[in-house]
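Coordinates from upload_35.tsv are shown below (TSV, C-alpha atoms).
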chain	number	residue	atom	x	y	z
K	468	MET	CA	27.32	3.74	14.52
K	469	PRO	CA	23.90	2.63	13.13
K	470	LEU	CA	21.37	5.38	12.70
K	471	PRO	CA	18.11	5.17	14.63
K	472	ILE	CA	14.98	4.98	12.47
K	473	ASN	CA	13.74	8.51	12.08
K	474	HIS	CA	10.96	9.43	9.65
K	475	SER	CA	12.08	13.04	9.41
K	476	PHE	CA	15.06	11.96	7.29
K	477	SER	CA	15.34	11.45	3.56
K	478	THR	CA	14.78	7.97	2.22
K	479	ILE	CA	17.14	8.76	-0.65
K	480	THR	CA	20.02	10.78	0.77
K	481	PRO	CA	21.47	9.37	4.00
K	482	TYR	CA	21.89	11.85	6.86
K	483	LEU	CA	19.67	14.46	5.21
K	484	GLN	CA	16.76	15.65	7.32
K	485	THR	CA	13.88	16.74	5.09
K	486	HIS	CA	11.30	17.44	7.82
K	487	ILE	CA	12.79	20.21	9.90
K	488	ASP	CA	11.58	21.80	13.12
K	489	SER	CA	12.98	24.77	15.04
K	490	THR	CA	15.01	22.57	17.38
K	491	SER	CA	16.74	20.83	14.48
K	492	LEU	CA	17.41	23.96	12.47
K	493	SER	CA	18.59	25.91	15.52
K	494	ALA	CA	21.04	23.14	16.37
K	495	PHE	CA	22.39	23.12	12.82
K	496	LYS	CA	22.73	26.92	12.73
K	497	GLU	CA	24.53	26.85	16.06
K	498	CYS	CA	26.99	24.09	15.18
K	499	PRO	CA	26.77	21.37	12.50
K	500	ARG	CA	28.63	18.93	14.76
K	501	LYS	CA	26.18	19.55	17.59
K	502	TYR	CA	23.33	18.97	15.12
K	503	GLN	CA	24.90	15.70	13.99
K	504	LEU	CA	25.34	14.41	17.54
K	505	ASN	CA	22.00	15.61	18.85
K	506	ILE	CA	19.57	15.26	15.95
K	507	ILE	CA	21.07	12.73	13.51
K	508	LEU	CA	22.70	10.37	15.99
K	509	GLY	CA	20.27	11.18	18.83
K	510	TYR	CA	22.79	11.49	21.66
K	511	VAL	CA	21.70	13.41	24.75
K	512	PRO	CA	23.35	13.63	28.17
K	513	TRP	CA	22.16	10.96	30.60
K	514	GLU	CA	20.92	13.58	32.98
K	515	GLU	CA	18.08	15.46	31.37
K	516	SER	CA	18.22	19.24	31.65
K	517	VAL	CA	16.18	20.42	34.61
K	518	HIS	CA	14.97	23.33	32.47
K	519	LEU	CA	13.67	20.92	29.85
K	520	THR	CA	11.89	18.76	32.44
K	521	TRP	CA	10.37	21.76	34.17
K	522	GLY	CA	9.34	23.29	30.84
K	523	LEU	CA	7.66	20.12	29.62
K	524	LEU	CA	5.74	19.80	32.88
K	525	ILE	CA	4.47	23.38	32.94
K	526	HIS	CA	3.45	23.11	29.29
K	527	SER	CA	1.61	19.88	30.03
K	528	ALA	CA	-0.20	21.59	32.92
K	529	ARG	CA	-1.31	24.44	30.69
K	530	GLU	CA	-2.48	22.03	27.99
K	531	HIS	CA	-4.35	19.90	30.54
K	532	TYR	CA	-6.11	22.97	31.89
K	533	TYR	CA	-7.35	24.07	28.45
K	534	HIS	CA	-8.62	20.57	27.74
K	535	LEU	CA	-10.57	20.53	31.00
K	536	LYS	CA	-11.98	23.99	30.36
K	537	SER	CA	-13.18	22.86	26.96
K	538	ARG	CA	-15.00	20.05	28.79
K	539	LYS	CA	-16.85	22.68	30.84
K	540	PHE	CA	-14.88	22.28	34.06
K	541	ASN	CA	-14.97	25.53	36.03
K	542	HIS	CA	-11.68	27.16	36.98
K	543	ASP	CA	-11.32	25.67	40.46
K	544	GLU	CA	-12.29	22.17	39.34
K	545	ALA	CA	-9.83	22.31	36.47
K	546	LEU	CA	-7.06	23.68	38.68
K	547	ILE	CA	-7.50	20.86	41.20
K	548	GLU	CA	-7.19	18.26	38.43
K	549	VAL	CA	-4.16	19.97	36.91
K	550	ILE	CA	-2.28	20.32	40.19
K	551	TRP	CA	-3.09	16.78	41.26
K	552	THR	CA	-1.76	15.47	37.96
K	553	LEU	CA	1.38	17.58	38.27
K	554	LEU	CA	2.01	16.26	41.76
K	555	LYS	CA	1.65	12.69	40.53
K	556	LYS	CA	3.93	13.30	37.55
K	557	THR	CA	6.62	14.65	39.87
K	558	TRP	CA	6.50	11.71	42.26
K	559	TYR	CA	8.94	8.98	41.32
K	560	ASN	CA	9.75	5.76	43.13
K	561	GLY	CA	8.25	6.80	46.42
K	562	ARG	CA	9.74	10.28	46.58
K	563	PRO	CA	9.22	13.72	45.12
K	564	TRP	CA	11.19	14.91	42.09
K	565	PHE	CA	14.49	16.36	43.28
K	566	SER	CA	15.88	18.80	40.73
K	567	ASN	CA	18.67	20.26	42.86
K	568	HIS	CA	17.84	23.64	41.35
K	569	SER	CA	16.66	26.65	43.35
K	570	ARG	CA	14.31	28.04	40.69
K	571	LYS	CA	13.27	24.98	38.72
K	572	ASN	CA	11.95	22.44	41.19
K	573	ARG	CA	8.74	20.76	42.24
K	574	TRP	CA	7.64	23.59	44.48
K	575	THR	CA	8.20	26.36	41.89
K	576	LEU	CA	6.44	24.20	39.29
K	577	ILE	CA	3.29	23.77	41.37
K	578	ARG	CA	3.34	27.38	42.51
K	579	THR	CA	3.86	28.69	38.97
K	580	ALA	CA	1.02	26.56	37.62
K	581	VAL	CA	-1.41	27.86	40.25
K	582	ASP	CA	-0.29	31.47	39.87
K	583	TYR	CA	-0.32	31.39	36.07
K	584	LEU	CA	-3.71	29.74	35.78
K	585	ASP	CA	-5.21	32.03	38.42
K	586	ARG	CA	-3.90	34.98	36.41
K	587	PHE	CA	-4.68	33.83	32.87
K	588	GLY	CA	-6.95	30.84	33.28
K	589	GLU	CA	-10.36	32.03	34.36
K	590	ASN	CA	-10.50	35.53	32.89
K	591	ASP	CA	-8.15	35.18	29.97
K	592	PRO	CA	-8.89	37.74	27.25
K	593	LEU	CA	-7.37	35.20	24.84
K	594	GLN	CA	-10.01	32.57	24.22
K	595	THR	CA	-8.79	29.14	23.19
K	596	VAL	CA	-10.04	28.17	19.74
K	597	ILE	CA	-12.21	25.07	19.83
K	598	LEU	CA	-11.61	22.79	16.87
K	599	SER	CA	-14.35	21.19	14.82
K	600	ASN	CA	-13.83	17.95	16.78
K	601	GLY	CA	-14.71	19.83	19.98
K	602	LYS	CA	-11.18	19.81	21.34
K	603	PRO	CA	-9.15	22.89	22.20
K	604	ALA	CA	-6.46	24.11	19.79
K	605	VAL	CA	-3.53	23.36	22.10
K	606	GLU	CA	-0.25	21.55	21.35
K	607	LEU	CA	-1.25	21.52	17.72
K	608	SER	CA	1.20	19.99	15.31
K	609	PHE	CA	1.74	21.70	11.96
K	610	ARG	CA	3.79	21.13	8.85
K	611	TYR	CA	4.14	23.03	5.60
K	612	ASP	CA	6.15	22.79	2.42
K	613	THR	CA	8.93	25.39	2.54
K	614	GLY	CA	9.07	25.54	-1.25
K	615	TYR	CA	12.67	24.33	-1.21
K	616	LYS	CA	13.75	20.96	-2.57
K	617	SER	CA	16.79	18.77	-2.12
K	618	LYS	CA	19.03	17.94	-5.09
K	619	THR	CA	17.08	14.71	-5.51
K	620	GLY	CA	13.79	16.61	-5.63
K	621	GLU	CA	12.54	15.81	-2.13
K	622	PRO	CA	10.62	18.74	-0.62
K	623	PHE	CA	11.88	20.28	2.62
K	624	ILE	CA	8.99	20.36	5.07
K	625	SER	CA	8.87	22.63	8.10
K	626	CYS	CA	7.31	21.08	11.21
K	627	GLY	CA	6.44	22.24	14.68
K	628	HIS	CA	3.85	22.52	17.40
K	629	PHE	CA	1.77	25.52	18.42
K	630	ASP	CA	1.24	25.83	22.18
K	631	ARG	CA	-2.20	27.29	21.60
K	632	ILE	CA	-4.29	29.11	19.03
K	633	SER	CA	-6.65	31.63	20.51
K	634	THR	CA	-8.85	34.56	19.60
K	635	LEU	CA	-8.73	38.12	20.86
K	636	GLN	CA	-11.35	40.60	19.71
K	637	GLY	CA	-12.18	38.44	16.75
K	638	GLU	CA	-8.60	37.95	15.58
K	639	TYR	CA	-6.55	34.75	15.74
K	640	TRP	CA	-3.26	34.56	17.61
K	641	ILE	CA	-0.60	31.95	18.24
K	642	ASP	CA	0.09	31.94	21.95
K	643	ASP	CA	3.41	30.63	23.31
K	644	PHE	CA	4.60	30.19	26.90
K	645	LYS	CA	8.22	30.99	27.76
K	646	SER	CA	9.88	30.86	31.16
K	647	THR	CA	12.94	32.74	32.32
K	648	GLN	CA	14.80	33.67	35.45
K	649	HIS	CA	15.26	37.22	34.18
K	650	PRO	CA	12.93	40.23	34.53
K	651	LEU	CA	10.09	40.36	32.04
K	652	ASP	CA	11.18	43.58	30.41
K	653	SER	CA	11.93	44.61	26.85
K	654	THR	CA	15.25	42.79	26.97
K	655	PHE	CA	13.43	39.52	27.52
K	656	PHE	CA	10.85	40.08	24.79
K	657	ASP	CA	13.45	41.44	22.36
K	658	HIS	CA	15.01	37.95	22.33
K	659	PHE	CA	12.14	36.80	20.12
K	660	THR	CA	12.95	39.16	17.23
K	661	PRO	CA	14.70	37.87	15.28
K	662	ASP	CA	14.12	34.31	16.42
K	663	GLN	CA	13.99	31.10	14.41
K	664	GLN	CA	11.09	29.53	16.31
K	665	MET	CA	8.85	32.62	16.27
K	666	SER	CA	9.44	33.26	12.57
K	667	ASN	CA	8.58	29.65	11.86
K	668	TYR	CA	5.38	29.98	13.93
K	669	ALA	CA	4.43	33.20	12.15
K	670	THR	CA	5.02	31.64	8.74
K	671	ALA	CA	3.15	28.46	9.70
K	672	GLY	CA	0.29	30.57	11.06
K	673	LYS	CA	-0.10	32.25	7.70
K	674	ILE	CA	0.16	29.04	5.68
K	675	THR	CA	-1.34	26.20	7.68
K	676	PHE	CA	-4.25	27.72	9.56
K	677	GLN	CA	-7.41	28.21	7.62
K	678	LYS	CA	-8.12	31.61	9.18
K	679	PRO	CA	-5.74	34.60	8.95
K	680	VAL	CA	-3.51	34.67	12.03
K	681	ARG	CA	-2.78	38.15	13.38
K	682	GLY	CA	0.50	37.21	15.03
K	683	ILE	CA	2.24	35.66	18.00
K	684	ILE	CA	1.74	36.41	21.67
K	685	VAL	CA	4.30	35.32	24.24
K	686	ASP	CA	3.29	34.68	27.82
K	687	GLY	CA	6.53	35.39	29.64
K	688	CYS	CA	6.91	33.67	32.99
K	689	ARG	CA	9.64	34.73	35.38
K	690	VAL	CA	10.38	32.01	37.90
K	691	ALA	CA	12.22	33.16	41.01
K	692	VAL	CA	12.88	31.26	44.22
K	693	THR	CA	10.04	32.92	46.10
K	694	PHE	CA	7.65	34.10	43.42
K	695	SER	CA	6.53	33.72	39.80
K	696	GLU	CA	5.36	36.64	37.70
K	697	PHE	CA	3.92	36.95	34.24
K	698	GLU	CA	3.83	39.38	31.35
K	699	ARG	CA	2.10	38.98	28.01
K	700	ARG	CA	3.24	40.77	24.86
K	701	PRO	CA	2.76	40.43	21.11
K	702	ILE	CA	5.76	39.47	19.00
K	703	PRO	CA	5.43	41.29	15.70
K	704	ARG	CA	6.60	40.00	12.33
K	705	SER	CA	6.33	42.10	9.17
K	706	ASP	CA	5.98	40.56	5.74
K	707	PHE	CA	9.50	41.79	5.02
K	708	GLN	CA	10.89	40.00	8.09
K	709	LEU	CA	9.15	36.77	7.16
K	710	SER	CA	10.35	37.01	3.60
K	711	GLN	CA	13.91	37.54	4.81
K	712	TRP	CA	13.60	34.59	7.20
K	713	HIS	CA	12.28	32.37	4.42
K	714	SER	CA	15.11	33.41	2.11
K	715	ASP	CA	17.65	32.60	4.85
K	716	LEU	CA	15.94	29.26	5.42
K	717	GLY	CA	16.78	28.28	1.86
K	718	TYR	CA	20.43	29.08	2.49
K	719	TYR	CA	20.57	26.93	5.65
K	720	LEU	CA	18.75	24.02	4.03
K	721	GLN	CA	21.31	24.07	1.24
K	722	ARG	CA	24.13	24.02	3.83
K	723	LEU	CA	22.37	21.14	5.58
K	724	GLU	CA	22.31	19.12	2.38
K	725	ASP	CA	25.93	20.05	1.61
K	726	CYS	CA	26.98	18.67	5.00
K	727	ALA	CA	24.98	15.47	4.52
K	728	LEU	CA	26.53	14.88	1.11
K	729	THR	CA	30.07	15.97	2.02
K	730	PHE	CA	30.50	14.55	5.51
K	731	GLY	CA	27.81	11.87	5.85
K	732	PRO	CA	28.77	9.62	8.78
K	733	ASN	CA	32.05	11.45	9.41
K	734	PRO	CA	32.27	14.30	11.90
K	735	TRP	CA	30.45	17.41	10.66
K	736	PRO	CA	32.17	20.80	11.03
K	737	GLN	CA	32.40	22.32	14.49
K	738	ASN	CA	31.50	25.91	15.17
K	739	ASP	CA	34.00	26.43	17.96
K	740	LYS	CA	32.68	29.93	18.62
K	741	ALA	CA	29.47	28.38	19.96
K	742	CYS	CA	31.01	25.99	22.50
K	743	ASN	CA	30.47	28.37	25.41
K	744	LEU	CA	27.06	29.73	24.48
K	745	TYR	CA	23.96	29.09	26.59
K	746	GLY	CA	25.89	27.89	29.59
K	747	GLY	CA	28.15	25.64	27.53
K	748	CYS	CA	27.48	23.08	24.82
K	749	PRO	CA	26.49	19.65	26.23
K	750	TYR	CA	28.85	18.00	23.71
K	751	ARG	CA	32.00	19.88	24.75
K	752	LYS	CA	33.35	16.78	26.41
K	753	VAL	CA	33.00	14.88	23.14
K	754	CYS	CA	34.57	17.50	20.90
K	755	SER	CA	37.46	18.09	23.29
K	756	GLU	CA	38.60	14.46	23.08
K	757	PRO	CA	41.95	13.95	21.31
K	758	SER	CA	40.78	11.33	18.81
K	759	LEU	CA	37.67	10.04	17.07
K	760	SER	CA	37.82	6.76	19.00
K	761	ALA	CA	38.00	8.70	22.26
K	762	GLN	CA	34.96	10.70	21.13
K	763	GLU	CA	33.07	7.47	20.45
K	764	PHE	CA	34.02	6.14	23.87
K	765	THR	CA	32.85	9.32	25.59
K	766	LEU	CA	29.57	9.25	23.69
K	767	GLN	CA	28.91	5.67	24.79
K	768	LYS	CA	29.85	6.41	28.39
K	769	LEU	CA	28.24	9.77	29.09
K	770	TYR	CA	25.27	9.96	26.72
K	771	LYS	CA	22.13	8.03	25.97
K	772	ARG	CA	20.25	7.88	22.69
K	773	ARG	CA	16.79	9.07	21.80
K	774	ILE	CA	15.09	9.84	18.52
K	775	TRP	CA	14.23	13.43	17.68
K	776	ASP	CA	11.50	13.09	15.08
K	777	PRO	CA	9.49	16.24	14.39
K	778	THR	CA	7.05	14.34	12.18
K	779	ILE	CA	5.50	12.76	15.26
K	780	ALA	CA	2.32	14.72	15.81
K	781	ARG	CA	0.97	16.03	19.09
K	782	GLY	CA	-2.51	17.22	19.93
K	783	ASP	CA	-5.48	16.84	17.68
K	784	ILE	CA	-5.02	17.71	14.06
J	711	MET	CA	4.50	14.09	75.33
J	712	ILE	CA	3.34	10.76	74.06
J	713	GLU	CA	5.38	7.75	74.84
J	714	SER	CA	5.87	5.20	72.17
J	715	ASN	CA	3.96	2.00	72.63
J	716	SER	CA	3.78	-0.34	69.70
J	717	GLN	CA	0.69	-2.01	71.15
J	718	LEU	CA	-1.48	1.09	71.10
J	719	PRO	CA	-2.33	3.53	68.33
J	720	LEU	CA	-0.83	6.91	69.03
J	721	SER	CA	-2.90	10.03	69.06
J	722	ASP	CA	-1.90	13.63	69.38
J	723	ALA	CA	-5.08	15.66	69.29
J	724	LEU	CA	-3.24	18.96	69.09
J	725	SER	CA	-1.22	18.13	65.99
J	726	GLU	CA	-4.20	16.47	64.33
J	727	ALA	CA	-6.18	19.66	64.76
J	728	GLN	CA	-3.55	21.77	63.03
J	729	PRO	CA	-3.96	22.42	59.33
J	730	GLU	CA	-1.38	20.69	57.19
J	731	SER	CA	1.59	22.69	56.03
J	732	ILE	CA	2.64	22.78	52.40
J	733	GLN	CA	5.81	20.92	53.35
J	734	GLU	CA	3.82	18.09	54.87
J	735	LEU	CA	1.46	17.93	51.94
J	736	LEU	CA	4.15	17.88	49.27
J	737	SER	CA	6.19	15.24	51.02
J	738	ARG	CA	3.33	12.73	50.75
J	739	ASP	CA	2.52	10.38	47.91
J	740	PRO	CA	-0.14	12.25	45.87
J	741	GLU	CA	-1.80	8.96	44.94
J	742	GLY	CA	-3.16	8.93	48.48
J	743	TYR	CA	-4.45	12.48	48.39
J	744	GLN	CA	-8.03	13.47	48.96
J	745	LYS	CA	-9.55	16.37	47.02
J	746	GLN	CA	-9.27	18.59	50.08
J	747	ASN	CA	-5.50	18.02	50.17
J	748	ILE	CA	-5.16	19.56	46.71
J	749	GLU	CA	-7.52	22.37	47.65
J	750	ARG	CA	-5.28	23.02	50.66
J	751	VAL	CA	-2.14	23.14	48.46
J	752	ILE	CA	-3.83	25.66	46.17
J	753	GLN	CA	-5.11	27.68	49.09
J	754	LEU	CA	-1.64	27.88	50.65
J	755	ILE	CA	-0.10	28.98	47.36
J	756	ARG	CA	-2.73	31.69	46.99
J	757	GLU	CA	-2.17	32.88	50.57
J	758	ASN	CA	1.56	32.96	49.92
J	759	ARG	CA	1.00	35.04	46.79
J	760	GLU	CA	-1.24	37.48	48.64
J	761	ARG	CA	1.31	37.90	51.43
J	762	LEU	CA	4.03	38.67	48.92
J	763	ALA	CA	1.80	41.13	47.07
J	764	SER	CA	0.87	42.87	50.33
J	765	ALA	CA	4.48	43.09	51.39
J	766	ASN	CA	5.48	44.47	48.00
J	767	ALA	CA	2.62	46.98	48.09
J	768	ALA	CA	3.84	48.10	51.52
J	769	GLY	CA	7.18	48.90	49.96
J	770	LYS	CA	9.15	45.98	51.29
J	771	ARG	CA	11.54	44.53	48.78
J	772	VAL	CA	10.40	41.04	49.47
J	773	THR	CA	11.70	39.63	46.26
J	774	HIS	CA	15.24	40.42	47.29
J	775	GLN	CA	15.01	39.10	50.83
J	776	LYS	CA	16.55	35.85	51.81
J	777	VAL	CA	14.10	33.02	51.53
J	778	LYS	CA	14.32	32.27	55.24
J	779	GLU	CA	12.99	35.74	56.06
J	780	LEU	CA	9.87	35.32	54.02
J	781	PRO	CA	6.52	34.28	55.38
J	782	ALA	CA	6.25	32.04	52.35
J	783	PRO	CA	6.20	28.28	52.87
J	784	THR	CA	9.45	27.93	50.98
J	785	GLU	CA	12.69	27.65	52.83
J	786	THR	CA	15.00	25.33	51.05
J	787	ALA	CA	14.33	22.66	48.54
J	788	GLU	CA	15.34	20.12	51.16
J	789	ASP	CA	12.83	21.47	53.67
J	790	LEU	CA	10.16	20.98	51.08
J	791	GLY	CA	11.11	17.39	50.56
J	792	PHE	CA	12.38	17.89	47.02
Kindly return the structure encoded in the file as structure tokens.
Amino acid sequence: MPLPINHSFSTITPYLQTHIDSTSLSAFKECPRKYQLNIILGYVPWEESVHLTWGLLIHSAREHYYHLKSRKFNHDEALIEVIWTLLKKTWYNGRPWFSNHSRKNRWTLIRTAVDYLDRFGENDPLQTVILSNGKPAVELSFRYDTGYKSKTGEPFISCGHFDRISTLQGEYWIDDFKSTQHPLDSTFFDHFTPDQQMSNYATAGKITFQKPVRGIIVDGCRVAVTFSEFERRPIPRSDFQLSQWHSDLGYYLQRLEDCALTFGPNPWPQNDKACNLYGGCPYRKVCSEPSLSAQEFTLQKLYKRRIWDPTIARGDI
Amino acid sequence: MIESNSQLPLSDALSEAQPESIQELLSRDPEGYQKQNIERVIQLIRENRERLASANAAGKRVTHQKVKELPAPTETAEDLGF
């Protein structure tokens, strides 16, 4: 199967990703075979996850709002624009988006956007940083050298996107939006420590931003059928935790290169203890086939291809 | 009751005077919206939120009621045109 062109991969060692984001590394940590199918070969189920669609739309609404606010729209004017845009984005081929999901649908999306922005839009103690080009620091792409190199001397680069950089009482924070169906209690916020994405953000905040970043704040959003509620909490990271995470990163990057060199285009190892995590791996049907040719057939039949390239920048950097 | 007559435009003054429901609004193509339609959507969502907050403050466990029992403009996804 030919590989799609993807600039996050080595030009020297085939199948080795040298520009890594949290999605890629998390997939590899979870299961090398899942990583191979999802990131290297780019296979995704035909039907996009409703949670992914909903998440992208609510993030886009938040980003849109901050852009409008930076252009001096007042709260109500900005909210009207944001909601109108959301309604248009969720109208396809003469009908509204039908998600077939009780909590993640068009109505909960619109309602959550209004409720969230009414709560944290107008009187937000976190003030969005305005960049030197006059634009708000939202959906900002970052990349930094991890300090690790491949066997051929190529640097491993960590990539990602900050939802927003803001200030609170003179200090800089990275602000991330997370939705859940569960209560916004300590159990929910404890999920972010330890957490690959948050540690990467915290490290990137220290390295890539010109001002010292105090830490990460998560805006938790609980989406229920009849209501949405919100809770904001800091996600702490000590220097020790970040050092440990960075040390572990080196281990996983070495495993990544080992897999690329050892297995290349052949099936990468499965972690069969992860098949049932997170509601079930989307590639179970592939891995449960009795032969490699049957796996190929299933991939062609039930999956489409896209390119996951973390080097593609978002926002204004 | 208005009888159908393809030759004449129909008018129902009573229904035209009623404010639009969220279901009606969300089942329409947003390209054809006026600004007041969006303002109405936002207003209805805010009213819904205030009703839920009032009910919760009064000690009713609204969040655990069946959707059909709520005063909120949500019934089922199908009712909302999703």
Rank nothing, just name the residue among K:Gln677, K:Asn473, K:Thr552, K:Gln737 nearest to chain J, using only C-alpha atoms.
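Looking at the shortest contact to chain J, the residue is K:Thr552.
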Please check the contacts: residues of chain K at most 6 Å away from chain J, using all atoms listed in the file, listed as an mmCIF file with C-alpha atoms, keeping the file's coordinate frame.
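What ended up in out_31.cif:
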data_model
loop_
_atom_site.group_PDB
_atom_site.id
_atom_site.type_symbol
_atom_site.label_atom_id
_atom_site.label_comp_id
_atom_site.auth_asym_id
_atom_site.auth_seq_id
_atom_site.Cartn_x
_atom_site.Cartn_y
_atom_site.Cartn_z
ATOM 1 C CA LYS K 555 1.650 12.690 40.530
ATOM 2 C CA PRO K 563 9.220 13.720 45.120
ATOM 3 C CA TRP K 564 11.190 14.910 42.090
ATOM 4 C CA PHE K 565 14.490 16.360 43.280
#
Report the distance between atom CA of His531 of chain K and atom CA of Tyr668 of chain K in Å, rounded to one decimal place.
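Atom CA of His531 of chain K sits 21.7 Å away from atom CA of Tyr668 of chain K.
Those DNA, RNA and protein residues that approach the point (10.8, 20.5, 37.2) to within 8 Å, considering all atoms listed in the file, are Val517, His518, Leu519, Thr520, Trp521, Gly522, Leu524, Thr557, Trp564, Ser566, Lys571, Asn572, Arg573, Thr575 and Leu576 of chain K.
Pairwise distance (atom CA of Tyr611 of chain K, atom CA of Glu638 of chain K) equals 22.0 Å.
Reported to one decimal place, the separation of atom CA of Ala741 of chain K from atom CA of Gln484 of chain K is 22.0 Å.
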Neighbour list for Trp513 of chain K as a PyMOL selection string, cut-off 9 Å, all atoms listed in the file, skip fewer than 6 positions in-chain
chain K and resi 769-772
Selected residue of minimal separation from Val680 of chain K among K:Trp712, K:Tyr533, K:Phe694, K:Tyr639, counting all atoms listed in the file
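Distance minimum relative to Val680 of chain K lands on K:Tyr639.
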Excluding segment 589-594 of chain K and its own-chain neighbours fewer than 3 positions away, which residues fall within 9 Å of it when counting only C-alpha atoms? Please give them as a PyMOL selection string.
chain K and resi 541-543+584-586+597+632-636+640+642
For a quick check of understanding, using only C-alpha atoms, which of K:Thr654, K:Ile779, K:Thr693, K:Gly746 has the smallest distance to Trp574 of chain K?
K:Thr693
Measuring between only C-alpha atoms, which one of K:Asn600, K:Leu504, K:Glu606, K:Asp657 shows the shortest distance to Leu523 of chain K?
K:Glu606
Can you list, as a list in words, every protein, DNA or RNA residue that comes within 6 Å of segment 620-626 of chain K when you count all atoms listed in the file, leaving out same-chain residues fewer than 4 positions away?
Thr485, His486, Ile487, Asp488, Phe609, Arg610, Tyr611, Asp612, Thr613, Tyr615 and Lys616 of chain K
As a short mmCIF file (atom, residue, chain, number, x, y, z; two decimals), keeping the file's coordinate frame, could you write out segment 757-762 of chain J once it has been completed with all heavy atoms?
data_model
loop_
_atom_site.label_atom_id
_atom_site.label_comp_id
_atom_site.auth_asym_id
_atom_site.auth_seq_id
_atom_site.Cartn_x
_atom_site.Cartn_y
_atom_site.Cartn_z
N GLU J 757 -2.46 32.06 49.38
CA GLU J 757 -2.17 32.88 50.57
C GLU J 757 -0.74 33.41 50.50
O GLU J 757 -0.48 34.57 50.82
CB GLU J 757 -2.37 32.05 51.84
CG GLU J 757 -3.84 31.78 52.14
CD GLU J 757 -4.03 30.78 53.29
OE1 GLU J 757 -3.01 30.36 53.90
OE2 GLU J 757 -5.17 30.43 53.56
N ASN J 758 0.15 32.56 50.08
CA ASN J 758 1.56 32.96 49.92
C ASN J 758 1.68 34.12 48.93
O ASN J 758 2.37 35.11 49.18
CB ASN J 758 2.35 31.75 49.45
CG ASN J 758 3.79 32.08 49.11
OD1 ASN J 758 4.45 32.75 49.88
ND2 ASN J 758 4.26 31.63 47.97
N ARG J 759 0.96 34.00 47.82
CA ARG J 759 1.00 35.04 46.79
C ARG J 759 0.45 36.36 47.33
O ARG J 759 1.00 37.43 47.09
CB ARG J 759 0.17 34.56 45.59
CG ARG J 759 0.22 35.47 44.39
CD ARG J 759 -0.46 34.82 43.21
NE ARG J 759 -1.90 34.69 43.38
CZ ARG J 759 -2.63 33.65 42.97
NH1 ARG J 759 -2.05 32.64 42.38
NH2 ARG J 759 -3.92 33.62 43.15
N GLU J 760 -0.64 36.27 48.10
CA GLU J 760 -1.24 37.48 48.64
C GLU J 760 -0.31 38.14 49.66
O GLU J 760 -0.21 39.37 49.72
CB GLU J 760 -2.59 37.16 49.28
CG GLU J 760 -3.68 36.96 48.21
CD GLU J 760 -4.94 36.32 48.76
OE1 GLU J 760 -5.12 36.31 50.00
OE2 GLU J 760 -5.73 35.81 47.95
N ARG J 761 0.36 37.32 50.45
CA ARG J 761 1.31 37.90 51.43
C ARG J 761 2.43 38.64 50.72
O ARG J 761 2.81 39.73 51.11
CB ARG J 761 1.90 36.79 52.30
CG ARG J 761 1.04 36.40 53.49
CD ARG J 761 1.88 35.62 54.52
NE ARG J 761 2.43 34.40 53.98
CZ ARG J 761 1.80 33.23 53.99
NH1 ARG J 761 0.59 33.14 54.50
NH2 ARG J 761 2.37 32.15 53.48
N LEU J 762 2.95 38.03 49.68
CA LEU J 762 4.03 38.67 48.92
C LEU J 762 3.55 39.96 48.28
O LEU J 762 4.24 40.98 48.30
CB LEU J 762 4.56 37.73 47.84
CG LEU J 762 5.41 36.57 48.33
CD1 LEU J 762 5.64 35.57 47.21
CD2 LEU J 762 6.73 37.06 48.86
#
